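Shown next: entry_12.pdb, given as PDB, C-alpha atoms, pLDDT in the B column.
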```
ATOM      1  CA  MET A   1     -15.313   3.125  -3.259  1.00 84.00           C
ATOM      2  CA  LEU A   2     -12.887   0.480  -2.038  1.00 89.00           C
ATOM      3  CA  ASP A   3     -13.697  -1.629   0.991  1.00 91.00           C
ATOM      4  CA  LYS A   4     -10.348  -1.477   2.765  1.00 94.00           C
ATOM      5  CA  VAL A   5      -7.032   0.318   2.229  1.00 96.00           C
ATOM      6  CA  PHE A   6      -3.748  -0.051   4.118  1.00 97.00           C
ATOM      7  CA  CYS A   7      -1.326   2.876   4.385  1.00 97.00           C
ATOM      8  CA  ILE A   8       2.143   1.727   5.416  1.00 97.00           C
ATOM      9  CA  ASP A   9       4.522   4.504   6.437  1.00 97.00           C
ATOM     10  CA  ASP A  10       6.799   5.075   9.419  1.00 95.00           C
ATOM     11  CA  ASP A  11       5.851   8.772   9.636  1.00 95.00           C
ATOM     12  CA  PRO A  12       2.690   9.346  11.717  1.00 95.00           C
ATOM     13  CA  ILE A  13       2.079  12.762  10.139  1.00 94.00           C
ATOM     14  CA  THR A  14       2.176  11.290   6.626  1.00 93.00           C
ATOM     15  CA  LEU A  15      -0.235   8.567   7.732  1.00 95.00           C
ATOM     16  CA  MET A  16      -2.615  11.135   9.207  1.00 95.00           C
ATOM     17  CA  LEU A  17      -2.537  13.313   6.065  1.00 93.00           C
ATOM     18  CA  CYS A  18      -2.999  10.328   3.787  1.00 93.00           C
ATOM     19  CA  LYS A  19      -5.971   9.100   5.810  1.00 95.00           C
ATOM     20  CA  LYS A  20      -7.598  12.557   5.887  1.00 95.00           C
ATOM     21  CA  ALA A  21      -7.191  12.995   2.125  1.00 94.00           C
ATOM     22  CA  MET A  22      -8.800   9.601   1.525  1.00 95.00           C
ATOM     23  CA  GLN A  23     -11.683  10.407   3.840  1.00 95.00           C
ATOM     24  CA  ARG A  24     -12.340  13.693   2.020  1.00 94.00           C
ATOM     25  CA  VAL A  25     -12.896  11.911  -1.296  1.00 94.00           C
ATOM     26  CA  ASP A  26     -14.668   8.831   0.118  1.00 94.00           C
ATOM     27  CA  PHE A  27     -11.847   6.667  -1.193  1.00 95.00           C
ATOM     28  CA  ALA A  28     -12.485   3.641   1.041  1.00 95.00           C
ATOM     29  CA  HIS A  29     -14.902   2.396   3.661  1.00 94.00           C
ATOM     30  CA  GLU A  30     -12.003   1.576   5.979  1.00 95.00           C
ATOM     31  CA  ILE A  31      -8.485   3.024   6.052  1.00 96.00           C
ATOM     32  CA  ILE A  32      -5.952   1.197   8.207  1.00 95.00           C
ATOM     33  CA  THR A  33      -2.639   2.875   9.010  1.00 96.00           C
ATOM     34  CA  LEU A  34       0.427   0.768   9.785  1.00 96.00           C
ATOM     35  CA  GLN A  35       3.779   2.168  10.858  1.00 94.00           C
ATOM     36  CA  SER A  36       5.934  -0.634   9.499  1.00 94.00           C
ATOM     37  CA  GLY A  37       6.092  -3.276   6.840  1.00 94.00           C
ATOM     38  CA  GLU A  38       6.486  -5.819   9.635  1.00 95.00           C
ATOM     39  CA  GLU A  39       2.952  -5.065  10.859  1.00 93.00           C
ATOM     40  CA  ALA A  40       1.599  -5.657   7.368  1.00 93.00           C
ATOM     41  CA  ILE A  41       3.577  -8.879   6.834  1.00 95.00           C
ATOM     42  CA  SER A  42       2.272 -10.146  10.167  1.00 93.00           C
ATOM     43  CA  PHE A  43      -1.282  -9.401   8.999  1.00 91.00           C
ATOM     44  CA  PHE A  44      -0.802 -11.281   5.722  1.00 92.00           C
ATOM     45  CA  GLU A  45       0.880 -14.202   7.468  1.00 91.00           C
ATOM     46  CA  THR A  46      -2.057 -14.489   9.866  1.00 89.00           C
ATOM     47  CA  ASN A  47      -4.600 -14.335   7.041  1.00 85.00           C
ATOM     48  CA  SER A  48      -2.797 -16.397   4.385  1.00 82.00           C
ATOM     49  CA  ASN A  49      -5.043 -19.402   5.049  1.00 81.00           C
ATOM     50  CA  SER A  50      -8.203 -17.377   4.418  1.00 76.00           C
ATOM     51  CA  PRO A  51      -7.561 -15.112   1.409  1.00 64.00           C
ATOM     52  CA  GLU A  52     -11.286 -14.444   0.912  1.00 71.00           C
ATOM     53  CA  ASN A  53     -11.442 -12.878   4.370  1.00 68.00           C
ATOM     54  CA  ASN A  54     -13.175  -9.470   4.359  1.00 69.00           C
ATOM     55  CA  ASP A  55     -10.280  -7.999   6.347  1.00 79.00           C
ATOM     56  CA  ILE A  56      -7.989  -8.208   3.312  1.00 89.00           C
ATOM     57  CA  PRO A  57      -7.217  -4.772   1.826  1.00 94.00           C
ATOM     58  CA  ASN A  58      -8.040  -3.975  -1.787  1.00 93.00           C
ATOM     59  CA  LEU A  59      -5.125  -1.562  -1.969  1.00 96.00           C
ATOM     60  CA  ILE A  60      -1.917  -0.818  -0.101  1.00 97.00           C
ATOM     61  CA  PHE A  61      -0.096   2.508  -0.198  1.00 97.00           C
ATOM     62  CA  LEU A  62       3.527   1.680   0.637  1.00 98.00           C
ATOM     63  CA  ASP A  63       6.404   3.944   1.622  1.00 97.00           C
ATOM     64  CA  LEU A  64       9.855   2.770   0.538  1.00 96.00           C
ATOM     65  CA  ASN A  65      12.111   4.434   3.103  1.00 93.00           C
ATOM     66  CA  MET A  66      11.297   3.007   6.512  1.00 93.00           C
ATOM     67  CA  PRO A  67      13.792   2.105   9.251  1.00 92.00           C
ATOM     68  CA  LEU A  68      12.745  -1.360  10.486  1.00 88.00           C
ATOM     69  CA  MET A  69      11.690  -2.878   7.199  1.00 93.00           C
ATOM     70  CA  SER A  70      12.000  -0.887   4.002  1.00 94.00           C
ATOM     71  CA  GLY A  71       9.267  -0.945   1.397  1.00 96.00           C
ATOM     72  CA  TRP A  72      11.618  -2.965  -0.803  1.00 97.00           C
ATOM     73  CA  GLU A  73      12.030  -5.574   1.940  1.00 97.00           C
ATOM     74  CA  PHE A  74       8.249  -5.697   2.352  1.00 97.00           C
ATOM     75  CA  LEU A  75       7.797  -6.204  -1.403  1.00 98.00           C
ATOM     76  CA  ASP A  76      10.452  -8.935  -1.492  1.00 97.00           C
ATOM     77  CA  ILE A  77       8.824 -10.852   1.381  1.00 97.00           C
ATOM     78  CA  TYR A  78       5.338 -10.358  -0.085  1.00 96.00           C
ATOM     79  CA  LEU A  79       6.557 -11.699  -3.431  1.00 96.00           C
ATOM     80  CA  ASN A  80       8.759 -14.524  -2.099  1.00 96.00           C
ATOM     81  CA  ARG A  81       6.037 -15.869   0.211  1.00 95.00           C
ATOM     82  CA  GLY A  82       3.602 -15.829  -2.690  1.00 93.00           C
ATOM     83  CA  TYR A  83       1.149 -13.426  -1.085  1.00 93.00           C
ATOM     84  CA  HIS A  84       0.612 -11.781  -4.476  1.00 93.00           C
ATOM     85  CA  LYS A  85      -0.830 -15.120  -5.639  1.00 91.00           C
ATOM     86  CA  ILE A  86      -2.879 -15.705  -2.477  1.00 89.00           C
ATOM     87  CA  PHE A  87      -4.280 -12.182  -2.147  1.00 91.00           C
ATOM     88  CA  THR A  88      -5.068 -11.582  -5.797  1.00 90.00           C
ATOM     89  CA  LYS A  89      -7.494  -8.744  -5.058  1.00 90.00           C
ATOM     90  CA  THR A  90      -4.821  -6.684  -3.280  1.00 94.00           C
ATOM     91  CA  SER A  91      -2.813  -4.168  -5.318  1.00 96.00           C
ATOM     92  CA  ILE A  92       0.068  -2.014  -4.132  1.00 98.00           C
ATOM     93  CA  ILE A  93       0.868   1.596  -4.930  1.00 97.00           C
ATOM     94  CA  VAL A  94       4.298   2.810  -3.933  1.00 97.00           C
ATOM     95  CA  LEU A  95       3.914   6.217  -2.300  1.00 95.00           C
ATOM     96  CA  SER A  96       7.369   7.636  -1.780  1.00 91.00           C
ATOM     97  CA  SER A  97       9.371  10.814  -1.491  1.00 90.00           C
ATOM     98  CA  THR A  98      12.145   9.349  -3.614  1.00 85.00           C
ATOM     99  CA  ILE A  99      12.851  10.997  -6.941  1.00 80.00           C
ATOM    100  CA  ASP A 100      15.282   8.372  -8.169  1.00 88.00           C
ATOM    101  CA  PRO A 101      14.112   7.052 -11.572  1.00 91.00           C
ATOM    102  CA  LYS A 102      15.782   3.719 -10.724  1.00 95.00           C
ATOM    103  CA  ASP A 103      13.239   3.227  -7.915  1.00 94.00           C
ATOM    104  CA  ILE A 104      10.363   3.710 -10.346  1.00 93.00           C
ATOM    105  CA  GLU A 105      11.892   1.169 -12.733  1.00 95.00           C
ATOM    106  CA  LYS A 106      12.642  -1.275  -9.916  1.00 95.00           C
ATOM    107  CA  SER A 107       9.023  -1.157  -8.731  1.00 95.00           C
ATOM    108  CA  LYS A 108       7.876  -2.444 -12.137  1.00 94.00           C
ATOM    109  CA  PHE A 109       9.484  -5.816 -11.390  1.00 95.00           C
ATOM    110  CA  TYR A 110       6.897  -6.499  -8.688  1.00 97.00           C
ATOM    111  CA  PRO A 111       3.678  -7.812 -10.271  1.00 96.00           C
ATOM    112  CA  MET A 112       1.479  -6.530  -7.436  1.00 96.00           C
ATOM    113  CA  VAL A 113       2.703  -2.913  -7.768  1.00 97.00           C
ATOM    114  CA  VAL A 114       0.264  -1.060 -10.000  1.00 96.00           C
ATOM    115  CA  ASN A 115       1.566   2.493  -9.628  1.00 95.00           C
ATOM    116  CA  PHE A 116       4.362   4.652  -8.237  1.00 95.00           C
ATOM    117  CA  LEU A 117       3.333   8.023  -6.792  1.00 94.00           C
ATOM    118  CA  SER A 118       5.211  10.849  -5.137  1.00 92.00           C
ATOM    119  CA  LYS A 119       4.350  12.113  -1.678  1.00 91.00           C
ATOM    120  CA  PRO A 120       2.255  13.805  -0.578  1.00 89.00           C
ATOM    121  CA  ILE A 121      -0.900  12.221  -1.928  1.00 91.00           C
ATOM    122  CA  SER A 122      -3.447  14.787  -3.035  1.00 90.00           C
ATOM    123  CA  LYS A 123      -7.235  14.750  -3.251  1.00 89.00           C
ATOM    124  CA  GLU A 124      -6.959  15.143  -7.024  1.00 92.00           C
ATOM    125  CA  ILE A 125      -4.733  12.097  -7.395  1.00 93.00           C
ATOM    126  CA  LEU A 126      -7.007  10.076  -5.131  1.00 94.00           C
ATOM    127  CA  GLN A 127     -10.067  11.089  -7.144  1.00 91.00           C
ATOM    128  CA  GLU A 128      -8.292  10.043 -10.330  1.00 91.00           C
ATOM    129  CA  LEU A 129      -7.304   6.697  -8.772  1.00 92.00           C
ATOM    130  CA  LYS A 130     -10.829   6.210  -7.481  1.00 86.00           C
ATOM    131  CA  SER A 131     -12.230   6.542 -10.968  1.00 84.00           C
ATOM    132  CA  LYS A 132      -9.803   3.873 -12.265  1.00 81.00           C
ATOM    133  CA  LEU A 133     -10.106   1.313  -9.480  1.00 76.00           C
TER
END
```
Structure encoded using structure tokens:
Amino acid sequence: MLDKVFCIDDDPITLMLCKKAMQRVDFAHEIITLQSGEEAISFFETNSNSPENNDIPNLIFLDLNMPLMSGWEFLDIYLNRGYHKIFTKTSIIVLSSTIDPKDIEKSKFYPMVVNFLSKPISKEILQELKSKL
């Protein structure tokens, strides 16, 4: 079981379903939902001086299509500010409704992205991930 997971998505229903699915399979001790990439960037900015902090998530589920800051913008900022080097124990899984193969290929250019999954997340997929993480 992971200590902490962030779910970043602008849709409150998706966040609720994602959190419930994770709770059903005991995926993480703590599941934090954030409705924008800006909230997550603010968190990492605040904690960048203490990367061993227990508040740091082990895993982030990230939506790509969000209005204020897209998942791509989040990934670019995370990469360009070097957070992937500071928070080495944090991995990112893109969780998106997109079916564009170019998005899957593009995600591979980000070293912190470990997987690309389609919405909605299921208990079966979470159980499979749990066994690998």
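When the distance limit is 9 Å and only C-alpha atoms are what count, the residues near range 7-12 of chain A, minus those fewer than 5 positions from it on the same chain, are Leu17, Cys18, Lys19, Ile31, Ile32, Thr33, Leu34, Gln35, Ser36, Gly37, Glu39, Ala40, Leu59, Ile60, Phe61, Leu62, Asp63, Leu64, Asn65, Met66, Pro67, Leu68, Gly71 and Leu95 of chain A.
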Could you write out as a PyMOL selection string the residues that the PyMOL selection byres ((chain A and resi 114-121) around 7) matches in the shown file? chain A and resi 18+91-97+104+112-113+122-123+125
May I have the centre and edge lengths, in Å to one decimal, of an axis-aligned box around the listed atoms of range 58-75 of chain A with 4 Å added to every side, as JSON?
```
{"center_x": 2.9, "center_y": -0.9, "center_z": 4.3, "size_x": 29.8, "size_y": 18.6, "size_z": 20.5}
```
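Among the candidates A:Ile77, A:Lys106, A:Gly82, A:Val25, the residue lying nearest to Ser42 in chain A is A:Ile77 (atoms considered: only C-alpha atoms).
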Enumerate, as a list in words, the protein, DNA and RNA residues whose atoms approach (-5.8, -6.2, -0.1) to within 9 Å, taking into account only C-alpha atoms and the coordinate frame of the file. Lys4, Val5, Phe6, Asp55, Ile56, Pro57, Asn58, Leu59, Ile60, Phe87, Thr88, Lys89, Thr90, Ser91 and Ile92 of chain A
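The interatomic distance for the pair CA of Asn80 in chain A and CA of Leu15 in chain A works out to 26.7 Å.
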For CA of Tyr110 in chain A and CA of Ser131 in chain A, determine how far apart the two atoms are, in Å to one decimal place. 23.3 Å
Distance CA of Glu105 in chain A-CA of Lys20 in chain A, one decimal place? 29.3 Å
Using all atoms listed in the file, pick whichever of A:Phe44, A:Lys85, A:Lys102, A:Ala21 has the shortest atom-to-atom distance to Glu124 in chain A. A:Ala21
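Using all atoms listed in the file, the nearest neighbour of Ile86 in chain A within the list A:Asp3, A:Asp26, A:Glu45, A:Glu128 is A:Glu45.
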I'd like to know which of A:Thr46, A:Arg81, A:Leu2, A:Ile13 is closest to His29 in chain A, using all atoms listed in the file. A:Leu2
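Among the candidates A:Thr14, A:Leu126, A:Tyr83, A:Met69, the one nearest to Phe43 in chain A when counting only C-alpha atoms is A:Tyr83.
For the choices A:Met16, A:Ile41, A:Ala28, A:Leu75, the atom-to-atom distance to Lys130 in chain A is smallest for A:Ala28 when using all atoms listed in the file.
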